[in-house]
$ cat structure02.txt   # compact mmCIF, C-alpha atoms
# COMPACT_ATOMS: atom_id res chain seq x y z
CA MET A 1 0.00 0.00 0.00
CA VAL A 2 1.40 3.33 -1.04
CA ILE A 3 0.94 6.30 1.21
CA PRO A 4 -0.47 9.23 -0.79
CA VAL A 5 1.61 12.39 -1.05
CA PRO A 6 -0.95 14.71 0.64
CA VAL A 7 -0.89 12.44 3.69
CA LEU A 8 2.90 12.72 3.90
CA LEU A 9 2.77 16.49 3.41
CA SER A 10 0.19 16.90 6.16
CA LEU A 11 2.33 14.78 8.48
CA LEU A 12 5.35 16.94 7.66
CA ALA A 13 3.34 20.06 8.46
CA ALA A 14 2.29 18.45 11.75
CA PHE A 15 5.95 17.79 12.63
CA ALA A 16 6.85 21.38 11.80
CA LEU A 17 3.99 22.70 13.96
CA THR A 18 5.22 20.49 16.78
CA ILE A 19 8.59 22.23 16.95
CA VAL A 20 7.63 25.80 16.02
CA PRO A 21 8.66 27.94 18.96
CA LEU A 22 5.73 29.36 20.89
CA PRO A 23 5.78 31.97 23.63
CA GLY A 24 6.33 30.37 27.02
CA ALA A 25 2.80 30.90 28.27
CA ILE A 26 1.12 28.82 25.55
CA ALA A 27 3.98 26.44 24.79
CA THR A 28 2.55 23.89 27.21
CA ALA A 29 -0.84 24.08 25.48
CA ARG A 30 0.53 22.97 22.12
CA PRO A 31 -1.88 20.42 20.64
CA GLU A 32 -0.64 17.00 19.59
CA TRP A 33 -0.61 17.84 15.90
CA VAL A 34 0.90 14.57 14.75
CA LEU A 35 -1.72 12.54 16.57
CA LEU A 36 -4.57 14.68 15.19
CA VAL A 37 -3.36 14.21 11.62
CA LEU A 38 -2.77 10.50 12.15
CA VAL A 39 -6.25 10.03 13.60
CA TYR A 40 -7.85 11.67 10.59
CA TRP A 41 -5.94 9.63 8.02
CA GLY A 42 -6.35 6.44 10.01
CA MET A 43 -10.08 7.07 9.97
CA ALA A 44 -10.15 7.92 6.24
CA PHE A 45 -7.72 5.30 4.89
CA PRO A 46 -7.53 2.57 7.54
CA ARG A 47 -5.83 0.21 5.13
CA ARG A 48 -3.09 2.63 4.11
CA VAL A 49 -2.31 4.55 7.28
CA GLY A 50 -2.01 1.99 10.01
CA ILE A 51 -0.03 1.11 13.07
CA LEU A 52 3.28 0.94 11.22
CA VAL A 53 2.92 4.49 9.91
CA ALA A 54 2.00 5.69 13.39
CA PHE A 55 5.00 3.87 14.84
CA LEU A 56 7.44 5.41 12.36
CA ALA A 57 5.94 8.87 12.82
CA GLY A 58 6.34 8.43 16.56
CA LEU A 59 9.96 7.41 16.17
CA PHE A 60 10.63 10.55 14.15
CA LEU A 61 8.83 12.62 16.77
CA ASP A 62 11.05 11.07 19.46
CA VAL A 63 14.14 12.27 17.66
CA LEU A 64 12.65 15.72 17.01
CA GLN A 65 11.73 16.22 20.64
CA HIS A 66 14.73 14.37 21.96
CA GLN A 67 12.73 11.88 23.95
CA LEU A 68 13.61 8.28 24.60
CA LEU A 69 13.53 6.43 21.26
CA GLY A 70 10.25 4.55 21.04
CA GLN A 71 8.32 6.54 23.60
CA ASN A 72 6.07 8.44 21.22
CA ALA A 73 6.22 5.51 18.82
CA LEU A 74 4.55 3.29 21.41
CA ALA A 75 1.96 5.91 22.33
CA LEU A 76 1.00 6.75 18.76
CA ALA A 77 0.87 3.08 17.73
CA ALA A 78 -1.45 2.35 20.66
CA ALA A 79 -3.70 5.28 19.73
CA MET A 80 -3.74 4.16 16.11
CA PHE A 81 -4.69 0.65 17.16
CA ILE A 82 -7.80 2.06 18.88
CA VAL A 83 -8.63 4.20 15.85
CA LEU A 84 -8.46 1.15 13.61
CA GLN A 85 -10.83 -0.74 15.92
CA ILE A 86 -13.52 1.95 15.89
CA TYR A 87 -13.08 3.78 12.57
CA PRO A 88 -16.48 2.79 11.08
CA ARG A 89 -18.25 4.32 14.06
CA LEU A 90 -15.85 7.26 14.23
CA ARG A 91 -16.70 8.24 10.64
CA VAL A 92 -20.39 8.73 11.35
CA TYR A 93 -20.02 10.47 14.70
CA PRO A 94 -20.90 14.17 14.81
CA LEU A 95 -17.88 16.41 15.07
CA TRP A 96 -18.12 17.09 18.80
CA GLN A 97 -18.29 13.39 19.56
CA GLN A 98 -15.20 12.80 17.45
CA ALA A 99 -13.52 15.55 19.45
CA VAL A 100 -14.33 13.67 22.65
CA VAL A 101 -12.74 10.52 21.24
CA VAL A 102 -9.71 12.56 20.18
CA ALA A 103 -9.44 13.98 23.68
CA PHE A 104 -9.49 10.46 25.01
CA LEU A 105 -6.75 9.37 22.59
CA VAL A 106 -4.55 12.36 23.45
CA GLY A 107 -5.07 11.57 27.12
CA LEU A 108 -3.97 8.00 26.45
CA THR A 109 -0.76 9.07 24.69
CA ARG A 110 0.02 11.66 27.37
CA PHE A 111 -0.53 9.01 30.00
CA LEU A 112 1.79 6.52 28.30
CA ASN A 113 4.41 9.26 27.91
CA ILE A 114 4.30 10.38 31.54
CA TRP A 115 4.42 6.78 32.63
CA ILE A 116 7.63 6.16 30.68
CA GLN A 117 9.18 9.45 31.76
CA GLY A 118 8.37 8.57 35.35
CA ALA A 119 10.01 5.18 34.90
CA ILE A 120 13.27 6.75 33.72
CA GLY A 121 13.37 9.46 36.33
CA PHE A 122 12.01 12.87 35.35
CA PRO A 123 8.24 13.16 35.11
CA PRO A 124 7.01 16.70 34.40
CA GLY A 125 5.86 18.04 37.72
CA SER A 126 3.09 20.31 36.57
CA ASN A 127 -0.62 19.74 35.94
CA LEU A 128 -0.24 21.85 32.80
CA TYR A 129 1.10 18.66 31.27
CA TRP A 130 -2.51 17.60 30.61
CA LEU A 131 -3.53 20.85 28.89
CA PRO A 132 -2.96 19.51 25.32
CA ILE A 133 -5.93 17.17 25.83
CA LEU A 134 -8.22 20.20 25.87
CA THR A 135 -6.52 22.16 23.11
CA SER A 136 -6.28 19.12 20.84
CA ALA A 137 -9.99 18.44 21.22
CA LEU A 138 -10.82 22.09 20.55
CA LEU A 139 -8.67 22.18 17.42
CA TRP A 140 -9.95 18.85 16.09
CA PRO A 141 -12.76 20.45 14.00
CA VAL A 142 -10.22 22.73 12.29
CA VAL A 143 -7.89 19.86 11.45
CA TYR A 144 -10.85 17.75 10.36
CA HIS A 145 -12.15 20.36 7.91
CA ILE A 146 -8.73 21.12 6.43
CA LEU A 147 -7.84 17.47 5.92
CA ARG A 148 -11.31 16.58 4.64
CA ASP A 149 -11.14 19.30 2.03
CA ALA A 150 -7.67 18.09 1.05
CA ARG A 151 -8.95 14.55 0.75
CA ARG A 152 -11.96 15.59 -1.35
CA ARG A 153 -9.80 17.61 -3.69
CA TRP A 154 -6.92 15.19 -4.27
CA LEU A 155 -7.76 11.76 -2.92
CA LEU A 156 -11.40 11.18 -3.79
CA HIS A 157 -10.56 8.07 -5.80
CA LEU A 158 -8.87 6.28 -2.91
CA THR A 159 -10.35 4.17 -0.21
CA MET B 1 4.95 -3.20 17.78
CA VAL B 2 4.61 -2.78 21.50
CA LEU B 3 7.48 -5.19 22.04
CA ILE B 4 9.65 -3.39 19.52
CA ALA B 5 8.89 -0.07 21.18
CA LEU B 6 9.69 -1.41 24.63
CA ALA B 7 12.93 -2.99 23.38
CA LEU B 8 13.94 0.26 21.70
CA MET B 9 13.30 2.25 24.85
CA ALA B 10 15.23 -0.16 27.03
CA LEU B 11 18.16 -0.15 24.62
CA ASP B 12 18.14 3.62 24.36
CA HIS B 13 17.98 4.10 28.08
CA ARG B 14 20.53 1.55 29.20
CA PHE B 15 22.98 1.33 26.34
CA TYR B 16 24.18 3.65 23.66
CA GLN B 17 24.05 1.44 20.58
CA LEU B 18 21.10 3.33 19.19
CA GLN B 19 23.19 6.45 18.72
CA THR B 20 23.54 5.74 14.98
CA LEU B 21 19.79 5.28 14.46
CA ARG B 22 19.15 8.50 16.32
CA SER B 23 21.81 10.27 14.30
CA VAL B 24 20.35 9.09 11.01
CA LEU B 25 16.87 10.21 11.98
CA ALA B 26 18.22 13.48 13.35
CA THR B 27 19.98 14.16 10.07
CA VAL B 28 16.63 13.68 8.33
CA ALA B 29 15.04 15.97 10.90
CA TYR B 30 17.65 18.69 10.51
CA PRO B 31 16.22 20.24 7.28
CA LEU B 32 12.82 20.38 8.98
CA GLN B 33 14.34 22.15 11.97
CA LEU B 34 16.11 24.57 9.65
CA ALA B 35 12.86 25.19 7.78
CA VAL B 36 11.09 26.04 11.02
CA ASP B 37 13.98 28.19 12.13
CA ALA B 38 14.34 30.12 8.85
CA PRO B 39 11.23 32.37 8.92
CA ILE B 40 12.02 33.41 12.47
CA ARG B 41 15.59 34.23 11.56
CA VAL B 42 14.49 36.16 8.47
CA GLY B 43 11.94 38.03 10.57
CA SER B 44 14.54 39.19 13.05
CA ARG B 45 16.83 40.18 10.17
CA ILE B 46 14.05 42.30 8.64
CA LEU B 47 13.49 43.95 12.00
CA ASP B 48 17.22 44.63 12.13
CA SER B 49 17.18 46.26 8.72
CA PHE B 50 14.45 48.63 9.88
CA SER B 51 16.38 49.81 12.91
CA ARG B 52 17.39 53.43 12.59
CA HIS B 53 20.68 54.70 11.34
CA GLU B 54 21.53 56.69 14.48
CA GLN B 55 20.85 53.66 16.59
CA LEU B 56 23.27 51.61 14.54
CA VAL B 57 25.93 54.29 14.80
CA LEU B 58 25.43 54.45 18.55
CA GLU B 59 25.64 50.69 18.87
CA ASN B 60 28.73 50.63 16.71
CA ARG B 61 30.40 53.24 18.89
CA LEU B 62 29.56 51.31 22.05
CA LEU B 63 30.89 48.09 20.61
CA ARG B 64 34.06 49.86 19.52
CA SER B 65 34.73 51.19 22.99
CA ASP B 66 33.99 47.76 24.46
CA LEU B 67 36.43 46.20 22.04
CA MET B 68 39.14 48.72 22.99
CA GLU B 69 38.68 47.99 26.64
CA LEU B 70 38.68 44.24 26.18
CA ARG B 71 41.78 44.42 23.99
CA ALA B 72 43.59 46.42 26.65
CA ARG B 73 42.62 43.84 29.24
CA GLN B 74 43.66 41.04 26.94
CA LEU B 75 47.17 42.55 26.79
CA ARG B 76 47.53 42.20 30.50
CA PHE B 77 45.86 38.80 30.47
CA ASP B 78 48.48 37.37 28.11
CA ALA B 79 51.27 38.66 30.35
CA LEU B 80 49.58 37.23 33.43
CA GLN B 81 49.01 33.89 31.72
CA ALA B 82 52.71 33.67 30.85
CA GLU B 83 53.66 34.59 34.39
CA ASN B 84 51.23 32.04 35.78
CA ASP B 85 52.66 29.31 33.57
CA ARG B 86 56.19 30.23 34.66
CA LEU B 87 55.26 30.13 38.34
CA ARG B 88 53.47 26.84 37.88
CA ALA B 89 56.52 25.42 36.17
CA LEU B 90 58.62 26.60 39.14
CA LEU B 91 56.23 24.83 41.49
CA HIS B 92 56.21 21.73 39.28
CA THR B 93 52.45 21.68 38.98
CA SER B 94 50.66 20.95 35.75
CA ALA B 95 50.08 23.84 33.41
CA GLN B 96 46.52 24.95 32.87
CA ALA B 97 44.92 23.56 29.78
CA THR B 98 44.50 26.00 26.95
CA GLU B 99 41.04 26.35 25.50
CA ARG B 100 39.51 26.83 22.11
CA VAL B 101 36.03 28.21 21.46
CA GLU B 102 33.69 28.20 18.50
CA ILE B 103 30.40 29.99 18.04
CA ALA B 104 27.29 27.87 17.54
CA LYS B 105 23.83 29.17 16.70
CA LEU B 106 20.77 28.05 18.56
CA LEU B 107 17.98 26.81 16.31
CA ALA B 108 14.62 28.32 17.12
CA VAL B 109 12.78 25.07 17.70
CA ASP B 110 10.85 23.93 20.73
CA LEU B 111 11.52 20.63 22.40
CA ASP B 112 9.57 19.20 25.28
CA PRO B 113 8.38 22.25 27.27
CA PHE B 114 9.04 20.43 30.54
CA ARG B 115 12.71 19.82 29.83
CA GLN B 116 15.34 22.51 29.43
CA GLN B 117 17.04 21.53 26.21
CA ILE B 118 18.23 23.37 23.13
CA VAL B 119 19.37 22.46 19.62
CA ILE B 120 22.53 24.01 18.16
CA ASN B 121 23.75 23.96 14.57
CA LYS B 122 27.10 22.26 15.20
CA GLY B 123 27.54 18.52 15.29
CA ARG B 124 30.02 15.72 15.27
CA LEU B 125 31.37 16.91 11.92
CA ASP B 126 32.58 20.04 13.74
CA GLY B 127 34.18 18.03 16.51
CA VAL B 128 31.40 18.32 19.06
CA TYR B 129 31.42 15.56 21.67
CA ALA B 130 28.99 14.48 24.37
CA GLY B 131 29.48 16.27 27.66
CA GLN B 132 31.13 19.24 26.01
CA PRO B 133 30.65 22.51 27.94
CA LEU B 134 28.60 25.28 26.37
CA ILE B 135 29.02 28.88 27.52
CA ASN B 136 28.16 32.36 26.34
CA ALA B 137 29.67 35.75 27.05
CA ASP B 138 28.04 35.92 30.50
CA GLY B 139 28.55 32.47 31.89
CA VAL B 140 27.92 28.76 31.62
CA ILE B 141 24.85 27.63 29.65
CA GLY B 142 24.95 23.85 29.69
CA GLN B 143 26.52 20.82 28.13
CA ILE B 144 26.08 18.72 25.00
CA LEU B 145 23.73 15.81 25.50
CA THR B 146 23.69 14.12 22.10
CA PRO B 147 25.92 15.17 19.23
CA ASN B 148 24.45 14.31 15.83
CA TRP B 149 26.25 14.82 12.55
CA THR B 150 25.17 18.32 11.78
CA SER B 151 23.35 19.43 14.91
CA SER B 152 23.41 18.61 18.59
CA THR B 153 21.06 18.63 21.53
CA ALA B 154 22.31 20.33 24.66
CA LEU B 155 21.08 20.23 28.22
CA LEU B 156 20.82 23.58 30.00
CA ILE B 157 22.11 23.97 33.54
CA SER B 158 18.55 24.79 34.58
CA ASP B 159 17.22 21.34 33.68
CA PRO B 160 16.06 19.42 36.74
CA GLY B 161 18.34 16.57 35.68
CA HIS B 162 21.46 18.69 35.58
CA ALA B 163 23.85 19.23 38.47
CA LEU B 164 26.92 21.41 38.23
CA PRO B 165 29.77 21.44 40.78
CA VAL B 166 30.46 25.06 41.75
CA ILE B 167 32.48 27.03 44.27
CA VAL B 168 31.57 30.30 45.90
CA ALA B 169 34.10 32.81 44.58
CA ARG B 170 34.37 34.74 47.85
CA THR B 171 34.94 31.86 50.25
CA GLY B 172 35.87 28.85 48.14
CA LEU B 173 32.94 26.87 49.52
CA ARG B 174 32.05 23.93 47.28
CA ALA B 175 28.47 23.16 46.41
CA LEU B 176 26.25 21.53 43.81
CA ALA B 177 24.04 23.75 41.63
CA VAL B 178 21.01 21.76 40.55
CA GLY B 179 18.58 22.98 37.91
CA SER B 180 15.01 23.72 38.86
CA GLY B 181 13.19 23.60 35.52
CA ASN B 182 12.95 27.39 35.61
CA PRO B 183 15.59 29.04 33.36
CA ARG B 184 16.08 31.89 35.84
CA ARG B 185 16.81 29.79 38.87
CA LEU B 186 19.24 27.18 40.20
CA ASN B 187 19.18 25.55 43.61
CA LEU B 188 22.22 24.89 45.77
CA ARG B 189 22.04 21.58 47.54
CA HIS B 190 23.55 20.36 50.78
CA VAL B 191 25.01 23.54 52.22
CA PRO B 192 24.96 23.32 56.03
CA PRO B 193 23.56 26.35 57.91
CA GLN B 194 26.84 27.33 59.55
CA GLU B 195 28.54 28.03 56.22
CA ASP B 196 29.44 31.58 55.23
CA ILE B 197 27.30 32.25 52.18
CA GLU B 198 25.20 35.28 51.44
CA GLU B 199 23.09 37.04 48.86
CA GLY B 200 25.06 38.37 45.90
CA ASP B 201 27.86 35.81 46.12
CA LEU B 202 29.25 34.76 42.75
CA LEU B 203 29.36 31.07 41.86
CA LEU B 204 32.12 29.73 39.61
CA THR B 205 32.54 26.29 38.11
CA SER B 206 34.85 24.28 40.31
CA GLY B 207 36.11 21.89 37.64
CA LEU B 208 35.54 19.00 40.03
CA GLY B 209 33.10 17.15 37.80
CA GLY B 210 35.84 16.84 35.21
CA ARG B 211 33.56 18.08 32.47
CA PHE B 212 33.61 21.84 32.89
CA PRO B 213 36.90 23.71 33.15
CA SER B 214 37.24 25.61 36.41
CA ASP B 215 36.55 29.28 37.14
CA TYR B 216 33.83 30.08 34.65
CA PRO B 217 31.09 32.24 36.18
CA VAL B 218 27.79 30.40 36.59
CA ALA B 219 25.30 32.25 38.75
CA ARG B 220 24.74 34.78 41.49
CA ILE B 221 23.01 33.91 44.75
CA VAL B 222 19.65 35.65 45.10
CA SER B 223 18.36 34.26 48.36
CA VAL B 224 19.60 32.28 51.33
CA GLU B 225 17.02 30.93 53.73
CA HIS B 226 17.38 28.86 56.82
CA LEU B 227 14.21 27.00 57.60
CA PRO B 228 14.24 25.80 61.18
CA GLY B 229 14.18 22.02 61.29
CA GLN B 230 15.84 21.62 57.91
CA PRO B 231 19.42 20.27 57.98
CA PHE B 232 20.53 22.37 55.00
CA LEU B 233 20.11 25.92 53.79
CA VAL B 234 17.62 26.65 51.02
CA ILE B 235 19.64 28.64 48.49
CA ALA B 236 18.44 30.03 45.17
CA ALA B 237 20.77 31.40 42.52
CA GLU B 238 20.14 33.13 39.22
CA PRO B 239 22.25 32.06 36.21
CA LEU B 240 24.35 34.89 34.78
CA ALA B 241 23.75 33.78 31.20
CA ALA B 242 20.24 34.49 29.93
CA LEU B 243 19.38 30.86 29.27
CA ASP B 244 16.01 31.51 27.71
CA ARG B 245 17.01 34.48 25.57
CA SER B 246 20.39 33.81 23.98
CA ARG B 247 20.61 33.07 20.24
CA GLU B 248 24.27 32.09 20.24
CA ALA B 249 26.46 29.91 22.36
CA LEU B 250 30.17 29.19 22.53
CA LEU B 251 31.39 25.62 22.36
CA LEU B 252 34.45 25.08 24.50
CA TRP B 253 37.24 22.65 23.73
CA THR B 254 39.74 22.15 26.48
CA ASP B 255 43.08 20.94 25.25
CA ALA B 256 42.74 17.26 25.96
CA PRO B 257 39.11 16.19 25.72
CA ALA B 258 39.28 13.16 27.98
CA PRO B 259 36.91 10.61 26.46
CA GLN B 260 34.47 9.55 29.11
CA PRO B 261 32.69 6.23 28.98
CA GLY B 262 28.96 6.70 28.80
CA ALA B 263 29.35 10.44 28.55
CA GLU B 264 25.74 10.98 27.44
CA GLU B 265 24.63 9.97 30.88
CA GLN B 266 23.20 12.99 32.61
CA PRO B 267 24.78 13.98 35.85
CA ASP B 268 22.16 12.78 38.23
CA GLY B 269 20.77 15.51 40.42
CA ARG B 270 18.35 13.35 42.33
CA GLU B 271 19.14 11.24 45.27

$ encode --input "structure02.txt" --output "structure tokens"
Amino acid sequence: MVIPVPVLLSLLAAFALTIVPLPGAIATARPEWVLLVLVYWGMAFPRRVGILVAFLAGLFLDVLQHQLLGQNALALAAAMFIVLQIYPRLRVYPLWQQAVVVAFLVGLTRFLNIWIQGAIGFPPGSNLYWLPILTSALLWPVVYHILRDARRRWLLHLT
Amino acid sequence: MVLIALALMALDHRFYQLQTLRSVLATVAYPLQLAVDAPIRVGSRILDSFSRHEQLVLENRLLRSDLMELRARQLRFDALQAENDRLRALLHTSAQATERVEIAKLLAVDLDPFRQQIVINKGRLDGVYAGQPLINADGVIGQILTPNWTSSTALLISDPGHALPVIVARTGLRALAVGSGNPRRLNLRHVPPQEDIEEGDLLLTSGLGGRFPSDYPVARIVSVEHLPGQPFLVIAAEPLAALDRSREALLLWTDAPAPQPGAEEQPDGRE
């Protein structure tokens, strides 16, 4: 299965957004862009964008953020596994309900990350760590509309 | 997948074989980091080009006078260095290592907001090694954590996982400056209450850790508290280098970079 170019481009944009410097006050609220994009494509093309893609994206994210290799890979692969289990339902959910699922998935990845960081010694000590759950859910409709339009324009022939 | 991820994490944490994989991926990531960094750099350059002529002239004049002064001091410094070497030779102690510096630029990219790390644009190709000290014109910034081929990740002294052996310049008291996660604050651990230490004291690197050369300024003490019932003083210090605002850093090579086994290991600040 070939991964379409728009999917790769959107992932690249998500990586860039993940490392764009933000002012200190809102840096902790940065949404999990990579996860949002992966969730959308996993939902749209479950047979093309699967656990392996999520794993590799996570590995790249680990290097970008200088985390332990495999930390984000594990979290994103786990989230993608859930998406692949429920994608038929996810597609017909209204947008706000999808956002709730996304919030749950972000929470899961954050939880796996803090668990691993705690195991190796330095868990982030602040409750602000959980803020991306909220911001990711709030930004889900935006991501959804952008990626849906992209899919309708360039990838309508794919399943 | 889960097993692979767990194996990767264990390998990365315990051993250092994955350095090549990380380097390869980091080399792929480098163009992306540059692309994110570029608009910000261009923006600041445009702002620069709009700054007024008189301002530039004024700045130029200031820099010139600074340069004069520093040159004059440098003259005396060379003489003192020679004298110091001669005296040391007389006393049959080892000569101080000479040092070489190179300027590295910080890339404007964000890492994990809960860790104090930066990315610089020099890597193993430029001779950067793990554990290498990083300073700027005001004081110590941090040390290299992972050198990749073209870029490196560095740990700031304010990271909670970083501990730096220091001495108080006034009294010679040795202490450990541990990062707090806040770039404007370091904590001094394990200083008993009877010690002579007060607000405004300057902290220098002691060179005891073997990684930083001695006598580089690190921080200035901002508060000393003695809480009754606590065995040690609670001491806060503010780093002299603006850790969260600098755009450039100086990489420091001491003459003989002693290769240290497992040098990527962070100095552990926790007990």

$ closest_atom_pairs --input "structure02.txt" --of "chain B" --to "chain A" --cutoff "6 Å" --atoms "only C-alpha atoms" --output "CSV"
residue,atom,partner,partner_atom,distance
B:Ala5,CA,A:Gly70,CA,4.8
B:Leu8,CA,A:Gly70,CA,5.7
B:Met9,CA,A:Gly70,CA,5.4
B:Val109,CA,A:Ile19,CA,5.1
B:Asp110,CA,A:Ile19,CA,4.7
B:Leu111,CA,A:Gln65,CA,4.8
B:Asp112,CA,A:Gln65,CA,5.9
B:Phe114,CA,A:Pro124,CA,5.7

$ residues_near_point --input "structure02.txt" --point "(30.8, 24.1, 51.9)" --cutoff "10 Å" --atoms "all atoms listed in the file" --output "PyMOL selection string"
chain B and resi 167-168+171-176+190-197

$ residues_around --input "structure02.txt" --residues "Gly50 (chain A)" --least-positions-apart "3" --cutoff "12 Å" --atoms "all atoms listed in the file" --output "PyMOL selection string"
(chain A and resi 1-3+38-47+53-57+76-85+87) or (chain B and resi 1)

$ axis_aligned_box --input "structure02.txt" --around "region 38-44 of chain A" --padding-each-side "5 Å" --output "JSON"
{"center_x": -6.5, "center_y": 9.1, "center_z": 9.9, "size_x": 17.4, "size_y": 15.2, "size_z": 17.4}

$ atom_distance --input "structure02.txt" --atom1 "CA of Gln117 (chain B)" --atom2 "CA of Thr153 (chain B)"
6.8 Å

$ atom_distance --input "structure02.txt" --atom1 "CA of Val101 (chain B)" --atom2 "CA of Arg115 (chain B)"
26.2 Å

$ closest_residue --input "structure02.txt" --among "A:Pro4, A:Ala99, A:Arg48, A:Leu9" --to "Tyr144 (chain A)" --atoms "only C-alpha atoms"
A:Ala99

$ residues_around --input "structure02.txt" --residues "Val140 (chain B)" --least-positions-apart "2" --cutoff "10 Å" --atoms "all atoms listed in the file" --output "PyMOL selection string"
chain B and resi 133-138+142-143+156-157+164+204-205+212+216-219+239-243+249-250

$ atom_distance --input "structure02.txt" --atom1 "CA of Ala7 (chain B)" --atom2 "CA of Leu131 (chain A)"
29.5 Å

$ closest_residue --input "structure02.txt" --among "A:Leu156, A:Ala25, A:Val143, A:Leu8" --to "Gln98 (chain A)" --atoms "only C-alpha atoms"
A:Val143

$ closest_residue --input "structure02.txt" --among "A:Gly58, A:Val37, A:Ala137, A:Arg153" --to "Phe104 (chain A)" --atoms "all atoms listed in the file"
A:Ala137

$ residues_around --input "structure02.txt" --residues "region 146-151 of chain B" --least-positions-apart "3" --cutoff "12 Å" --atoms "only C-alpha atoms" --output "JSON, numbers by chain"
{"A": [63, 64, 66, 67, 68], "B": [16, 18, 19, 20, 21, 22, 23, 24, 25, 26, 27, 28, 29, 30, 31, 33, 34, 104, 105, 106, 107, 117, 118, 119, 120, 121, 122, 123, 124, 125, 126, 127, 128, 129, 130, 131, 132, 143, 154, 155, 262, 263, 264, 265, 266]}

$ closest_residue --input "structure02.txt" --among "A:Trp115, A:Trp154, A:Arg148, A:Trp130" --to "Glu32 (chain A)" --atoms "all atoms listed in the file"
A:Trp130

$ build_atoms --input "structure02.txt" --residues "region 145-150 of chain A" --atoms "all heavy atoms" --output "PDB file, in the coordinates of the input"
ATOM      1  N   HIS A 145     -11.670  19.684   9.127  1.00  0.00           N
ATOM      2  CA  HIS A 145     -12.150  20.360   7.910  1.00  0.00           C
ATOM      3  C   HIS A 145     -11.037  20.522   6.888  1.00  0.00           C
ATOM      4  O   HIS A 145     -11.241  20.292   5.700  1.00  0.00           O
ATOM      5  CB  HIS A 145     -12.761  21.711   8.276  1.00  0.00           C
ATOM      6  CG  HIS A 145     -14.154  21.555   8.797  1.00  0.00           C
ATOM      7  ND1 HIS A 145     -15.177  21.062   8.032  1.00  0.00           N
ATOM      8  CD2 HIS A 145     -14.689  21.797  10.020  1.00  0.00           C
ATOM      9  CE1 HIS A 145     -16.282  21.007   8.743  1.00  0.00           C
ATOM     10  NE2 HIS A 145     -16.009  21.445   9.967  1.00  0.00           N
ATOM     11  N   ILE A 146      -9.848  20.926   7.375  1.00  0.00           N
ATOM     12  CA  ILE A 146      -8.730  21.120   6.430  1.00  0.00           C
ATOM     13  C   ILE A 146      -8.394  19.804   5.726  1.00  0.00           C
ATOM     14  O   ILE A 146      -8.306  19.738   4.498  1.00  0.00           O
ATOM     15  CB  ILE A 146      -7.490  21.653   7.184  1.00  0.00           C
ATOM     16  CG1 ILE A 146      -7.758  23.074   7.669  1.00  0.00           C
ATOM     17  CG2 ILE A 146      -6.269  21.628   6.277  1.00  0.00           C
ATOM     18  CD1 ILE A 146      -6.675  23.614   8.550  1.00  0.00           C
ATOM     19  N   LEU A 147      -8.257  18.743   6.519  1.00  0.00           N
ATOM     20  CA  LEU A 147      -7.840  17.470   5.920  1.00  0.00           C
ATOM     21  C   LEU A 147      -8.954  16.883   5.068  1.00  0.00           C
ATOM     22  O   LEU A 147      -8.687  16.242   4.043  1.00  0.00           O
ATOM     23  CB  LEU A 147      -7.421  16.489   7.017  1.00  0.00           C
ATOM     24  CG  LEU A 147      -6.139  16.873   7.752  1.00  0.00           C
ATOM     25  CD1 LEU A 147      -5.782  15.807   8.764  1.00  0.00           C
ATOM     26  CD2 LEU A 147      -4.988  17.060   6.785  1.00  0.00           C
ATOM     27  N   ARG A 148     -10.221  17.118   5.449  1.00  0.00           N
ATOM     28  CA  ARG A 148     -11.310  16.580   4.640  1.00  0.00           C
ATOM     29  C   ARG A 148     -11.358  17.272   3.286  1.00  0.00           C
ATOM     30  O   ARG A 148     -11.534  16.627   2.255  1.00  0.00           O
ATOM     31  CB  ARG A 148     -12.641  16.754   5.377  1.00  0.00           C
ATOM     32  CG  ARG A 148     -13.757  15.976   4.701  1.00  0.00           C
ATOM     33  CD  ARG A 148     -15.077  16.338   5.257  1.00  0.00           C
ATOM     34  NE  ARG A 148     -15.315  17.777   5.116  1.00  0.00           N
ATOM     35  CZ  ARG A 148     -16.393  18.385   5.566  1.00  0.00           C
ATOM     36  NH1 ARG A 148     -17.304  17.709   6.220  1.00  0.00           N
ATOM     37  NH2 ARG A 148     -16.544  19.684   5.408  1.00  0.00           N
ATOM     38  N   ASP A 149     -11.163  18.581   3.302  1.00  0.00           N
ATOM     39  CA  ASP A 149     -11.140  19.300   2.030  1.00  0.00           C
ATOM     40  C   ASP A 149      -9.989  18.806   1.161  1.00  0.00           C
ATOM     41  O   ASP A 149     -10.148  18.622  -0.058  1.00  0.00           O
ATOM     42  CB  ASP A 149     -10.995  20.801   2.273  1.00  0.00           C
ATOM     43  CG  ASP A 149     -12.279  21.364   2.869  1.00  0.00           C
ATOM     44  OD1 ASP A 149     -13.268  20.607   2.886  1.00  0.00           O
ATOM     45  OD2 ASP A 149     -12.287  22.522   3.308  1.00  0.00           O
ATOM     46  N   ALA A 150      -8.823  18.582   1.810  1.00  0.00           N
ATOM     47  CA  ALA A 150      -7.670  18.090   1.050  1.00  0.00           C
ATOM     48  C   ALA A 150      -7.998  16.730   0.450  1.00  0.00           C
ATOM     49  O   ALA A 150      -7.698  16.463  -0.721  1.00  0.00           O
ATOM     50  CB  ALA A 150      -6.450  17.987   1.957  1.00  0.00           C
TER      51      ALA A 150
END
